[in-house]
$ cat input22.cif   # mmCIF, C-alpha atoms (C1' of nucleotides)
data_upload
loop_
_atom_site.label_atom_id
_atom_site.label_comp_id
_atom_site.auth_asym_id
_atom_site.auth_seq_id
_atom_site.Cartn_x
_atom_site.Cartn_y
_atom_site.Cartn_z
CA MET A 1 55.28 -7.00 5.57
CA GLY A 2 53.81 -3.54 5.11
CA LEU A 3 50.37 -3.03 6.50
CA THR A 4 49.03 -0.95 3.66
CA ILE A 5 46.40 1.58 4.38
CA PRO A 6 43.75 1.28 1.68
CA LYS A 7 42.94 4.41 -0.24
CA PHE A 8 39.48 5.89 0.14
CA GLN A 9 38.91 5.22 -3.54
CA ASP A 10 39.57 1.53 -3.09
CA LEU A 11 37.25 1.27 -0.15
CA LEU A 12 34.55 2.66 -2.37
CA LYS A 13 35.23 0.25 -5.19
CA PRO A 14 33.25 -2.76 -3.98
CA MET A 15 30.35 -0.49 -3.24
CA LYS A 16 29.91 0.30 -6.88
CA GLY A 17 29.39 -3.37 -7.70
CA GLU A 18 27.25 -3.77 -4.63
CA ARG A 19 24.86 -1.08 -5.74
CA ASP A 20 24.33 -2.75 -9.07
CA LYS A 21 23.90 -6.13 -7.50
CA LEU A 22 21.46 -4.78 -4.96
CA ALA A 23 19.43 -3.05 -7.62
CA ALA A 24 19.28 -6.28 -9.60
CA VAL A 25 18.24 -8.40 -6.62
CA ARG A 26 15.67 -5.87 -5.61
CA GLU A 27 14.25 -5.80 -9.10
CA GLU A 28 14.06 -9.58 -9.03
CA PHE A 29 12.27 -9.44 -5.70
CA VAL A 30 9.73 -6.94 -6.99
CA SER A 31 9.10 -8.95 -10.11
CA GLN A 32 8.74 -12.27 -8.31
CA TRP A 33 6.53 -10.80 -5.65
CA GLY A 34 4.30 -9.62 -8.45
CA VAL A 35 4.03 -13.13 -9.84
CA MET A 36 3.24 -14.42 -6.38
CA GLY A 37 0.57 -11.80 -6.03
CA THR A 38 -1.34 -13.16 -8.98
CA GLN A 39 -1.33 -16.59 -7.39
CA TRP A 40 -2.49 -15.10 -4.12
CA GLY A 41 -5.45 -13.54 -5.87
CA ILE A 42 -3.96 -10.04 -5.66
CA ASN A 43 -3.18 -8.07 -8.74
CA ARG A 44 0.32 -8.02 -10.02
CA THR A 45 0.87 -4.31 -9.88
CA MET A 46 -0.36 -4.00 -6.33
CA ALA A 47 2.01 -6.73 -5.20
CA GLN A 48 4.89 -5.17 -7.10
CA ILE A 49 4.31 -1.74 -5.61
CA HIS A 50 4.15 -3.33 -2.19
CA ALA A 51 7.46 -5.11 -2.74
CA LEU A 52 9.01 -1.93 -4.10
CA LEU A 53 7.97 0.14 -1.11
CA MET A 54 8.87 -2.54 1.42
CA THR A 55 12.42 -2.42 0.13
CA ALA A 56 12.59 1.32 -0.46
CA PRO A 57 15.04 3.18 1.76
CA GLU A 58 12.56 6.03 1.93
CA ALA A 59 9.04 7.07 0.97
CA MET A 60 8.38 7.32 -2.78
CA SER A 61 6.15 9.60 -4.83
CA THR A 62 3.62 8.41 -7.39
CA ASP A 63 5.97 9.52 -10.15
CA GLU A 64 8.86 7.54 -8.73
CA VAL A 65 6.71 4.44 -8.52
CA MET A 66 5.49 4.98 -12.08
CA GLU A 67 9.03 5.26 -13.31
CA ALA A 68 10.42 2.33 -11.34
CA LEU A 69 7.72 -0.06 -12.56
CA GLU A 70 7.04 1.57 -15.91
CA ILE A 71 3.33 1.87 -15.34
CA SER A 72 0.77 4.59 -15.98
CA ARG A 73 -0.29 7.21 -13.51
CA GLY A 74 -3.80 5.82 -13.22
CA ASN A 75 -2.53 2.36 -12.46
CA ALA A 76 0.00 3.59 -9.91
CA HIS A 77 -2.59 5.76 -8.25
CA THR A 78 -5.27 3.09 -7.99
CA ASN A 79 -2.95 0.50 -6.54
CA LEU A 80 -1.25 2.85 -4.12
CA LYS A 81 -4.62 3.81 -2.73
CA GLU A 82 -5.64 0.17 -2.54
CA LEU A 83 -2.51 -0.57 -0.52
CA VAL A 84 -3.36 2.33 1.75
CA SER A 85 -6.83 0.91 2.24
CA TRP A 86 -5.27 -2.43 3.24
CA GLY A 87 -3.21 -0.54 5.82
CA LEU A 88 0.00 -1.80 4.26
CA VAL A 89 1.15 1.59 3.05
CA ARG A 90 0.76 5.04 4.54
CA ILE A 91 0.86 8.47 3.04
CA VAL A 92 3.49 10.88 4.26
CA THR A 93 3.92 14.48 3.29
CA ARG A 94 7.02 16.59 3.49
CA ARG A 95 6.47 20.02 4.82
CA GLY A 96 6.53 22.77 2.27
CA GLU A 97 5.58 20.22 -0.42
CA ARG A 98 2.17 19.42 -1.77
CA LYS A 99 3.12 16.05 -3.16
CA GLU A 100 2.19 12.86 -1.37
CA TYR A 101 4.80 10.23 -0.67
CA PHE A 102 4.12 6.59 0.13
CA GLU A 103 5.83 4.46 2.71
CA ALA A 104 5.26 0.77 3.42
CA GLU A 105 4.91 -0.84 6.81
CA LYS A 106 8.08 -2.86 7.19
CA ASP A 107 7.52 -4.87 10.33
CA VAL A 108 6.60 -8.38 9.22
CA TRP A 109 4.30 -9.12 12.10
CA GLU A 110 2.45 -5.88 11.47
CA ILE A 111 2.15 -6.74 7.78
CA PHE A 112 0.79 -10.15 8.70
CA ARG A 113 -1.73 -8.61 11.12
CA ARG A 114 -3.04 -6.20 8.53
CA ILE A 115 -3.38 -8.87 5.88
CA THR A 116 -5.13 -11.23 8.28
CA GLU A 117 -7.51 -8.47 9.26
CA GLN A 118 -8.38 -7.61 5.68
CA ARG A 119 -8.74 -11.17 4.50
CA LYS A 120 -11.03 -11.94 7.38
CA ARG A 121 -13.14 -8.92 6.56
CA ARG A 122 -13.21 -9.60 2.83
CA GLU A 123 -13.30 -13.40 2.70
CA LEU A 124 -14.59 -14.84 5.95
CA ASP A 125 -17.29 -12.38 6.94
CA PRO A 126 -19.24 -12.56 3.67
CA ALA A 127 -19.01 -16.36 3.72
CA LEU A 128 -20.43 -16.35 7.20
CA GLN A 129 -23.44 -14.37 6.08
CA VAL A 130 -24.13 -16.81 3.28
CA VAL A 131 -24.06 -19.93 5.42
CA GLU A 132 -26.01 -18.26 8.19
CA ARG A 133 -28.80 -17.44 5.82
CA CYS A 134 -28.79 -20.94 4.34
CA ALA A 135 -28.90 -22.52 7.78
CA GLU A 136 -31.69 -20.22 8.84
CA GLU A 137 -33.82 -20.87 5.77
CA THR A 138 -33.72 -24.62 6.26
CA ARG A 139 -34.36 -24.70 10.01
CA GLY A 140 -36.82 -27.34 11.06
CA MET A 141 -37.03 -29.19 7.75
CA GLN A 142 -38.51 -32.67 7.91
CA THR A 143 -37.01 -34.62 5.05
CA LYS A 144 -33.69 -36.36 5.43
CA GLU A 145 -32.19 -34.22 2.71
CA GLY A 146 -33.42 -31.05 4.35
CA LYS A 147 -31.97 -32.11 7.68
CA ASP A 148 -28.65 -33.07 6.14
CA PHE A 149 -28.37 -29.78 4.35
CA HIS A 150 -29.25 -27.86 7.48
CA ARG A 151 -26.69 -29.75 9.50
CA GLN A 152 -24.00 -29.16 6.90
CA MET A 153 -24.69 -25.42 6.87
CA GLY A 154 -24.70 -25.38 10.65
CA GLU A 155 -21.30 -27.01 10.84
CA LEU A 156 -19.91 -24.68 8.24
CA GLN A 157 -21.29 -21.68 10.04
CA GLU A 158 -19.87 -22.76 13.35
CA PHE A 159 -16.46 -23.32 11.86
CA VAL A 160 -16.30 -20.09 9.90
CA ALA A 161 -17.43 -18.10 12.93
CA PHE A 162 -14.76 -19.80 14.95
CA ALA A 163 -12.06 -19.11 12.37
CA SER A 164 -13.16 -15.52 12.22
CA LYS A 165 -12.82 -15.12 15.95
CA MET A 166 -9.41 -16.79 15.89
CA GLY A 167 -8.32 -14.36 13.21
CA ASP A 168 -9.30 -11.44 15.39
CA ARG A 169 -7.52 -12.79 18.39
CA VAL A 170 -4.30 -13.65 16.63
CA ALA A 171 -4.18 -10.35 14.81
CA SER A 172 -4.67 -8.45 18.01
CA LEU A 173 -1.64 -9.95 19.68
CA PRO A 174 1.53 -7.86 19.76
CA HIS A 175 4.51 -9.42 18.05
CA GLY A 176 6.30 -10.55 21.16
CA LYS A 177 3.28 -12.21 22.74
CA ALA A 178 2.41 -14.01 19.57
CA MET A 179 5.82 -15.55 19.15
CA GLN A 180 5.92 -16.53 22.79
CA LEU A 181 2.59 -18.25 22.44
CA ALA A 182 3.55 -19.99 19.24
CA MET A 183 6.76 -21.26 20.74
CA LYS A 184 4.92 -22.64 23.72
CA LEU A 185 2.60 -24.48 21.38
CA PHE A 186 5.01 -25.82 18.87
CA GLY A 187 8.41 -25.38 20.48
CA MET B 188 -61.87 -34.71 21.05
CA GLY B 189 -61.10 -36.97 18.20
CA LEU B 190 -57.44 -37.65 17.77
CA THR B 191 -57.47 -37.69 14.02
CA ILE B 192 -54.99 -39.85 12.31
CA PRO B 193 -53.52 -37.83 9.47
CA LYS B 194 -53.73 -39.38 6.06
CA PHE B 195 -50.52 -40.42 4.42
CA GLN B 196 -51.22 -37.88 1.70
CA ASP B 197 -51.34 -35.04 4.18
CA LEU B 198 -48.10 -36.09 5.83
CA LEU B 199 -46.48 -35.83 2.47
CA LYS B 200 -47.91 -32.42 1.71
CA PRO B 201 -45.37 -30.22 3.54
CA MET B 202 -42.55 -32.24 2.04
CA LYS B 203 -43.46 -31.08 -1.40
CA GLY B 204 -42.94 -27.47 -0.45
CA GLU B 205 -39.86 -28.40 1.49
CA ARG B 206 -38.21 -29.98 -1.50
CA ASP B 207 -38.72 -26.87 -3.56
CA LYS B 208 -37.49 -24.64 -0.80
CA LEU B 209 -34.45 -26.80 -0.24
CA ALA B 210 -33.60 -26.84 -3.92
CA ALA B 211 -33.87 -23.05 -4.00
CA VAL B 212 -31.70 -22.53 -0.94
CA ARG B 213 -29.15 -24.98 -2.21
CA GLU B 214 -29.02 -23.21 -5.55
CA GLU B 215 -28.49 -19.95 -3.74
CA PHE B 216 -25.68 -21.49 -1.72
CA VAL B 217 -23.96 -22.82 -4.82
CA SER B 218 -24.27 -19.52 -6.59
CA GLN B 219 -23.05 -17.46 -3.66
CA TRP B 220 -20.19 -19.80 -2.96
CA GLY B 221 -19.15 -19.27 -6.55
CA VAL B 222 -19.09 -15.52 -6.08
CA MET B 223 -17.04 -15.97 -2.94
CA GLY B 224 -14.65 -18.18 -4.82
CA THR B 225 -13.74 -15.40 -7.20
CA GLN B 226 -12.91 -13.17 -4.24
CA TRP B 227 -10.84 -15.94 -2.71
CA GLY B 228 -8.80 -16.19 -5.88
CA ILE B 229 -10.42 -19.46 -6.89
CA ASN B 230 -12.36 -19.73 -10.07
CA ARG B 231 -16.08 -19.51 -9.93
CA THR B 232 -16.87 -22.87 -11.44
CA MET B 233 -14.55 -24.73 -9.13
CA ALA B 234 -16.14 -23.12 -6.11
CA GLN B 235 -19.63 -23.85 -7.42
CA ILE B 236 -18.87 -27.49 -8.06
CA HIS B 237 -17.42 -27.75 -4.59
CA ALA B 238 -20.55 -26.24 -3.06
CA LEU B 239 -22.73 -28.50 -5.16
CA LEU B 240 -20.91 -31.64 -4.09
CA MET B 241 -20.68 -30.61 -0.46
CA THR B 242 -24.44 -30.44 -0.36
CA ALA B 243 -25.13 -33.43 -2.57
CA PRO B 244 -26.83 -36.36 -0.84
CA GLU B 245 -24.70 -38.69 -2.92
CA ALA B 246 -21.83 -38.79 -5.39
CA MET B 247 -22.51 -37.15 -8.76
CA SER B 248 -21.30 -37.93 -12.26
CA THR B 249 -19.71 -35.43 -14.61
CA ASP B 250 -22.95 -35.28 -16.59
CA GLU B 251 -24.99 -34.53 -13.51
CA VAL B 252 -22.65 -31.72 -12.58
CA MET B 253 -22.77 -30.36 -16.14
CA GLU B 254 -26.51 -30.34 -16.07
CA ALA B 255 -26.88 -28.88 -12.59
CA LEU B 256 -24.57 -25.95 -13.33
CA GLU B 257 -25.20 -25.69 -17.08
CA ILE B 258 -21.56 -25.85 -17.98
CA SER B 259 -19.59 -27.66 -20.69
CA ARG B 260 -18.00 -31.04 -20.34
CA GLY B 261 -14.49 -29.63 -20.58
CA ASN B 262 -15.14 -27.11 -17.87
CA ALA B 263 -16.74 -29.66 -15.55
CA HIS B 264 -13.95 -32.11 -16.12
CA THR B 265 -11.11 -29.65 -15.52
CA ASN B 266 -12.57 -28.31 -12.33
CA LEU B 267 -13.55 -31.69 -10.94
CA LYS B 268 -10.00 -32.89 -11.43
CA GLU B 269 -8.68 -29.73 -9.87
CA LEU B 270 -10.86 -30.34 -6.82
CA VAL B 271 -9.55 -33.89 -6.66
CA SER B 272 -5.99 -32.55 -6.76
CA TRP B 273 -6.82 -30.28 -3.82
CA GLY B 274 -8.05 -33.34 -1.95
CA LEU B 275 -11.49 -31.79 -1.52
CA VAL B 276 -13.26 -34.28 -3.73
CA ARG B 277 -12.70 -37.97 -4.32
CA ILE B 278 -13.59 -40.24 -7.17
CA VAL B 279 -15.83 -43.18 -6.46
CA THR B 280 -16.88 -45.91 -8.84
CA ARG B 281 -19.89 -48.13 -8.63
CA ARG B 282 -19.19 -51.72 -9.43
CA GLY B 283 -20.39 -52.84 -12.77
CA GLU B 284 -20.18 -49.27 -14.03
CA ARG B 285 -17.40 -47.59 -15.91
CA LYS B 286 -18.51 -44.07 -15.06
CA GLU B 287 -16.72 -42.06 -12.39
CA TYR B 288 -18.69 -40.36 -9.66
CA PHE B 289 -17.47 -37.52 -7.51
CA GLU B 290 -18.00 -37.07 -3.83
CA ALA B 291 -16.91 -34.15 -1.65
CA GLU B 292 -15.29 -34.35 1.74
CA LYS B 293 -17.93 -33.06 4.12
CA ASP B 294 -16.15 -32.76 7.41
CA VAL B 295 -15.38 -29.08 7.90
CA TRP B 296 -12.16 -29.61 9.80
CA GLU B 297 -10.94 -31.95 7.11
CA ILE B 298 -11.84 -29.40 4.44
CA PHE B 299 -9.97 -26.76 6.36
CA ARG B 300 -6.92 -29.01 6.72
CA ARG B 301 -6.77 -29.75 3.01
CA ILE B 302 -7.13 -26.11 2.03
CA THR B 303 -4.47 -25.05 4.51
CA GLU B 304 -2.15 -27.71 3.17
CA GLN B 305 -2.63 -26.67 -0.44
CA ARG B 306 -2.41 -22.96 0.19
CA LYS B 307 0.79 -23.46 2.09
CA ARG B 308 2.20 -25.49 -0.75
CA ARG B 309 1.05 -23.10 -3.45
CA GLU B 310 1.45 -19.74 -1.78
CA LEU B 311 3.89 -19.93 1.09
CA ASP B 312 6.54 -22.29 -0.21
CA PRO B 313 7.25 -20.40 -3.43
CA ALA B 314 7.40 -17.12 -1.50
CA LEU B 315 9.91 -18.69 0.83
CA GLN B 316 12.16 -19.60 -2.06
CA VAL B 317 12.09 -16.07 -3.39
CA VAL B 318 13.03 -14.39 -0.13
CA GLU B 319 15.65 -17.01 0.65
CA ARG B 320 17.38 -16.33 -2.63
CA CYS B 321 17.18 -12.57 -2.13
CA ALA B 322 18.60 -12.84 1.38
CA GLU B 323 21.37 -15.12 0.18
CA GLU B 324 22.38 -12.89 -2.71
CA THR B 325 22.79 -9.87 -0.48
CA ARG B 326 24.65 -11.53 2.36
CA GLY B 327 27.59 -9.52 3.64
CA MET B 328 26.83 -6.33 1.79
CA GLN B 329 28.61 -3.23 3.07
CA THR B 330 26.38 -0.31 2.21
CA LYS B 331 23.59 0.77 4.48
CA GLU B 332 21.07 0.08 1.77
CA GLY B 333 22.47 -3.36 1.17
CA LYS B 334 22.34 -4.18 4.85
CA ASP B 335 18.81 -2.87 5.20
CA PHE B 336 17.62 -4.90 2.26
CA HIS B 337 19.33 -8.01 3.58
CA ARG B 338 17.79 -7.57 7.00
CA GLN B 339 14.34 -7.05 5.51
CA MET B 340 14.63 -10.24 3.47
CA GLY B 341 15.93 -12.09 6.51
CA GLU B 342 12.96 -11.07 8.59
CA LEU B 343 10.55 -11.96 5.85
CA GLN B 344 12.17 -15.33 5.38
CA GLU B 345 12.09 -16.10 9.07
CA PHE B 346 8.46 -15.19 9.28
CA VAL B 347 7.33 -17.08 6.22
CA ALA B 348 9.25 -20.17 7.30
CA PHE B 349 7.60 -19.91 10.66
CA ALA B 350 4.14 -19.52 9.19
CA SER B 351 4.78 -22.49 6.97
CA LYS B 352 5.69 -24.65 9.92
CA MET B 353 2.66 -23.46 11.83
CA GLY B 354 0.49 -24.40 8.89
CA ASP B 355 1.88 -27.90 8.90
CA ARG B 356 1.36 -28.32 12.59
CA VAL B 357 -2.16 -27.02 12.69
CA ALA B 358 -3.18 -29.04 9.67
CA SER B 359 -1.81 -32.19 11.19
CA LEU B 360 -3.95 -31.95 14.30
CA PRO B 361 -7.04 -34.09 14.45
CA HIS B 362 -10.27 -32.18 14.85
CA GLY B 363 -10.74 -32.82 18.54
CA LYS B 364 -7.23 -31.86 19.56
CA ALA B 365 -7.35 -28.68 17.54
CA MET B 366 -10.53 -27.47 19.15
CA GLN B 367 -9.27 -28.34 22.57
CA LEU B 368 -6.12 -26.36 21.95
CA ALA B 369 -7.97 -23.41 20.51
CA MET B 370 -10.31 -23.31 23.46
CA LYS B 371 -7.41 -23.34 25.89
CA LEU B 372 -5.90 -20.41 24.05
CA PHE B 373 -8.88 -18.24 23.51
CA GLY B 374 -11.51 -19.49 25.92
"C1'" DT C 375 -10.40 -55.82 -33.88
"C1'" DT C 376 -14.10 -53.31 -33.53
"C1'" DG C 377 -17.66 -50.83 -31.20
"C1'" DT C 378 -19.20 -48.43 -27.19
"C1'" DG C 379 -19.11 -45.62 -23.28
"C1'" DC C 380 -16.65 -42.75 -21.07
"C1'" DT C 381 -12.44 -39.49 -20.12
"C1'" DT C 382 -9.11 -36.18 -21.59
"C1'" DT C 383 -7.18 -32.61 -24.35
"C1'" DC C 384 -7.02 -28.40 -26.85
"C1'" DA C 385 -7.69 -24.67 -30.43
"C1'" DG C 386 -10.58 -21.06 -30.65
"C1'" DT C 387 -14.02 -17.96 -28.35
"C1'" DT C 388 -15.88 -15.27 -24.64
"C1'" DA C 389 -15.75 -12.98 -20.27
"C1'" DT C 390 -13.34 -10.64 -16.80
"C1'" DT C 391 -9.73 -8.10 -15.00
"C1'" DT C 392 -6.20 -4.86 -15.37
"C1'" DG C 393 -3.92 -0.90 -17.33
"C1'" DT C 394 -3.59 3.51 -20.15
"C1'" DG C 395 -3.78 8.30 -21.04
"C1'" DA C 396 -6.08 12.23 -21.06
"C1'" DA C 397 -9.48 15.13 -19.06
"C1'" DA C 398 -11.68 16.74 -14.86
"C1'" DC C 399 -11.18 18.00 -10.44
"C1'" DT C 400 -8.94 20.00 -5.99
"C1'" DT C 401 -6.17 22.91 -3.38
"C1'" DG C 402 -3.13 26.39 -2.04
"C1'" DG C 403 -0.43 30.58 -3.27
"C1'" DC C 404 -0.27 34.90 -5.58
"C1'" DG D 405 -10.10 35.41 -9.04
"C1'" DC D 406 -6.76 32.61 -11.57
"C1'" DC D 407 -2.75 29.78 -12.24
"C1'" DA D 408 0.08 25.76 -11.22
"C1'" DA D 409 1.07 21.48 -9.06
"C1'" DG D 410 -0.86 17.81 -7.81
"C1'" DT D 411 -4.71 14.07 -7.38
"C1'" DT D 412 -8.60 11.48 -9.04
"C1'" DT D 413 -11.67 9.55 -12.37
"C1'" DC D 414 -13.06 7.11 -16.38
"C1'" DA D 415 -13.89 5.55 -21.32
"C1'" DC D 416 -11.46 2.69 -23.97
"C1'" DA D 417 -7.60 -0.80 -25.00
"C1'" DA D 418 -4.81 -4.65 -23.78
"C1'" DA D 419 -3.88 -8.71 -21.29
"C1'" DT D 420 -5.28 -12.62 -18.83
"C1'" DA D 421 -8.24 -16.21 -17.36
"C1'" DA D 422 -12.09 -19.14 -18.03
"C1'" DC D 423 -15.16 -21.82 -20.98
"C1'" DT D 424 -16.88 -24.33 -25.06
"C1'" DG D 425 -17.42 -27.97 -28.21
"C1'" DA D 426 -15.58 -31.18 -30.79
"C1'" DA D 427 -12.09 -34.42 -31.71
"C1'" DA D 428 -8.80 -37.67 -29.91
"C1'" DG D 429 -7.69 -41.14 -26.54
"C1'" DC D 430 -8.49 -45.24 -23.72
"C1'" DA D 431 -10.12 -49.52 -22.01
"C1'" DC D 432 -13.19 -53.04 -21.75
"C1'" DA D 433 -16.53 -56.51 -23.86
"C1'" DA D 434 -18.12 -58.95 -27.51
#
$ encode --input "input22.cif" --output "structure tokens"
Amino acid sequence: MGLTIPKFQDLLKPMKGERDKLAAVREEFVSQWGVMGTQWGINRTMAQIHALLMTAPEAMSTDEVMEALEISRGNAHTNLKELVSWGLVRIVTRRGERKEYFEAEKDVWEIFRRITEQRKRRELDPALQVVERCAEETRGMQTKEGKDFHRQMGELQEFVAFASKMGDRVASLPHGKAMQLAMKLFG
Amino acid sequence: MGLTIPKFQDLLKPMKGERDKLAAVREEFVSQWGVMGTQWGINRTMAQIHALLMTAPEAMSTDEVMEALEISRGNAHTNLKELVSWGLVRIVTRRGERKEYFEAEKDVWEIFRRITEQRKRRELDPALQVVERCAEETRGMQTKEGKDFHRQMGELQEFVAFASKMGDRVASLPHGKAMQLAMKLFG
DNA sequence: TTGTGCTTTCAGTTATTTGTGAAACTTGGC
DNA sequence: GCCAAGTTTCACAAATAACTGAAAGCACAA
């Protein structure tokens, strides 16, 4: 029973199919992540670019992103910068080149931290201001309805402030610590 | 020094102003909560109705909601039902009456629990499916790029599954327990 | 079974968000 | 300075989401 040594060519064969398959799965991921984005209240393109970069073997230029997703320069540019402002993507430059390349944060915990941070800043903090003002403006009211409203605002304020603080704390934990803590809680 | 007994009329006087003030503040709350809603990825009307009912002294009918927010019947109806499906509002009926009235959950922890539950169901679970499929489809790939992609999906899957479980656990805690736990964690 | 009071649906309209493409701007090298 | 490669902005167009109003549906009471 001859132990045949496979030819180099044959070793390469499955890789050809693999590349196609991978490209297809990746495309599916990008597309689905875009759909998800819309449900998350994030725009489709931004989510798609994020998915694309998260699964990119190396940093991509604006033109590469435009081509991969078949979108305009303006659109690519706006959303890349938005991702940068969320801290989910960073700009890298190659020396000797003027072009900017974009690279996504790939560590899931880090991604989670950044998103938590931004959502807190964009969703919780403004809400807090609103309820604070409403609570303040109704302080000391005499009627039952006034008191009820004031109490409701007070409870809301307390809770949102609390959630906000929790967000900060959780997001400031390093990956390892966080998991450790979570395990202890919910084993 | 005559201890004057205030007339009934005079006792009532500040209440008049209070009512107006309260109505104004409440309107502001409803309006602002609506703006917030759009940023949260929830539609404005739904958020406004929620704010309105949260601060309503008693259950309101569709017509009352329509009038308060100056919106159409269809719009009011759709969003009220949507709020019911989120578990943030419940339908109550008064005996002898055919009309439905709507009443919001007012306990902040309960509101939080319901929102967490729904967001998990609507945002996390579908994401989980996507990454699971992508991880599955690239299992055992040989190329570096295939392996990298597979690992990335694996990490994402693990994390999302974990977050999903955490959501369940947190949302299943009663108010008291949750606070206790949070305090222990973050003093 | 018919009328009445209310709920639900939906085709068409309106508002809002997102995307395009080209022009304006910036920056560094010659 | 002036060109070239690249980035940024923005008026307008396209796509999507939300809302309206009216008609259809339903269920109970007479």
$ closest_atom_pairs --input "input22.cif" --of "region 201-265 of chain B" --to "region 385-394 of chain C" --cutoff "12 Å" --atoms "all atoms listed in the file" --output "CSV"
residue,atom,partner,partner_atom,distance
B:Thr225,CA,C:DT390,C1',10.7
B:Asn230,CA,C:DT390,C1',11.4
B:Arg231,CA,C:DT390,C1',11.5
$ atom_distance --input "input22.cif" --atom1 "CA of Gln316 (chain B)" --atom2 "CA of Trp33 (chain A)"
11.0 Å
$ closest_residue --input "input22.cif" --among "C:DC384, C:DC404, C:DT375, C:DG395" --to "chain A" --atoms "all atoms listed in the file"
C:DG395
$ interface_residues --input "input22.cif" --of "chain A" --to "chain D" --cutoff "9 Å" --atoms "only C-alpha atoms (C1' of nucleotides)" --output "VMD selection string"
chain A and resid 74 77 98 to 100
$ resolve_selection --input "input22.cif" --expression "the PyMOL selection byres ((chain C) within 9 of (chain B))" --output "PyMOL selection string"
chain C and resi 379-383
$ resolve_selection --input "input22.cif" --expression "the PyMOL selection byres ((chain B) within 7 of (chain A))" --output "VMD selection string"
chain B and resid 202 205 209 212 216 223 226 to 228 242 244 295 310 314 321 325 328 330 332 to 333 336 342 to 343
$ atom_distance --input "input22.cif" --atom1 "CA of Leu240 (chain B)" --atom2 "CA of Leu267 (chain B)"
10.1 Å
$ build_atoms --input "input22.cif" --residues "region 44-59 of chain A" --atoms "N, CA and C atoms" --output "compact mmCIF listing (two decimals), keeping the file's coordinate frame"
# COMPACT_ATOMS: atom_id res chain seq x y z
N ARG A 44 -1.12 -8.06 -9.89
CA ARG A 44 0.32 -8.02 -10.02
C ARG A 44 0.91 -6.69 -9.61
N THR A 45 0.32 -5.63 -10.15
CA THR A 45 0.87 -4.31 -9.88
C THR A 45 0.84 -3.98 -8.39
N MET A 46 -0.25 -4.30 -7.75
CA MET A 46 -0.36 -4.00 -6.33
C MET A 46 0.75 -4.72 -5.55
N ALA A 47 0.96 -5.96 -5.88
CA ALA A 47 2.01 -6.73 -5.20
C ALA A 47 3.39 -6.14 -5.49
N GLN A 48 3.59 -5.73 -6.74
CA GLN A 48 4.89 -5.17 -7.10
C GLN A 48 5.15 -3.85 -6.37
N ILE A 49 4.14 -3.01 -6.32
CA ILE A 49 4.31 -1.74 -5.61
C ILE A 49 4.62 -2.02 -4.14
N HIS A 50 3.91 -2.99 -3.59
CA HIS A 50 4.15 -3.33 -2.19
C HIS A 50 5.60 -3.76 -1.97
N ALA A 51 6.07 -4.63 -2.85
CA ALA A 51 7.46 -5.11 -2.74
C ALA A 51 8.44 -3.95 -2.89
N LEU A 52 8.14 -3.09 -3.85
CA LEU A 52 9.01 -1.93 -4.10
C LEU A 52 9.11 -1.05 -2.86
N LEU A 53 7.97 -0.75 -2.26
CA LEU A 53 7.97 0.14 -1.11
C LEU A 53 8.55 -0.53 0.13
N MET A 54 8.31 -1.83 0.25
CA MET A 54 8.87 -2.54 1.42
C MET A 54 10.38 -2.49 1.42
N THR A 55 10.96 -2.40 0.23
CA THR A 55 12.42 -2.42 0.13
C THR A 55 12.98 -1.05 -0.25
N ALA A 56 12.13 -0.03 -0.12
CA ALA A 56 12.59 1.32 -0.46
C ALA A 56 13.24 1.95 0.77
N PRO A 57 14.40 2.55 0.60
CA PRO A 57 15.04 3.18 1.76
C PRO A 57 14.23 4.35 2.29
N GLU A 58 13.44 4.98 1.41
CA GLU A 58 12.56 6.03 1.93
C GLU A 58 11.29 6.14 1.11
N ALA A 59 10.34 6.92 1.61
CA ALA A 59 9.04 7.07 0.97
C ALA A 59 9.19 7.51 -0.49
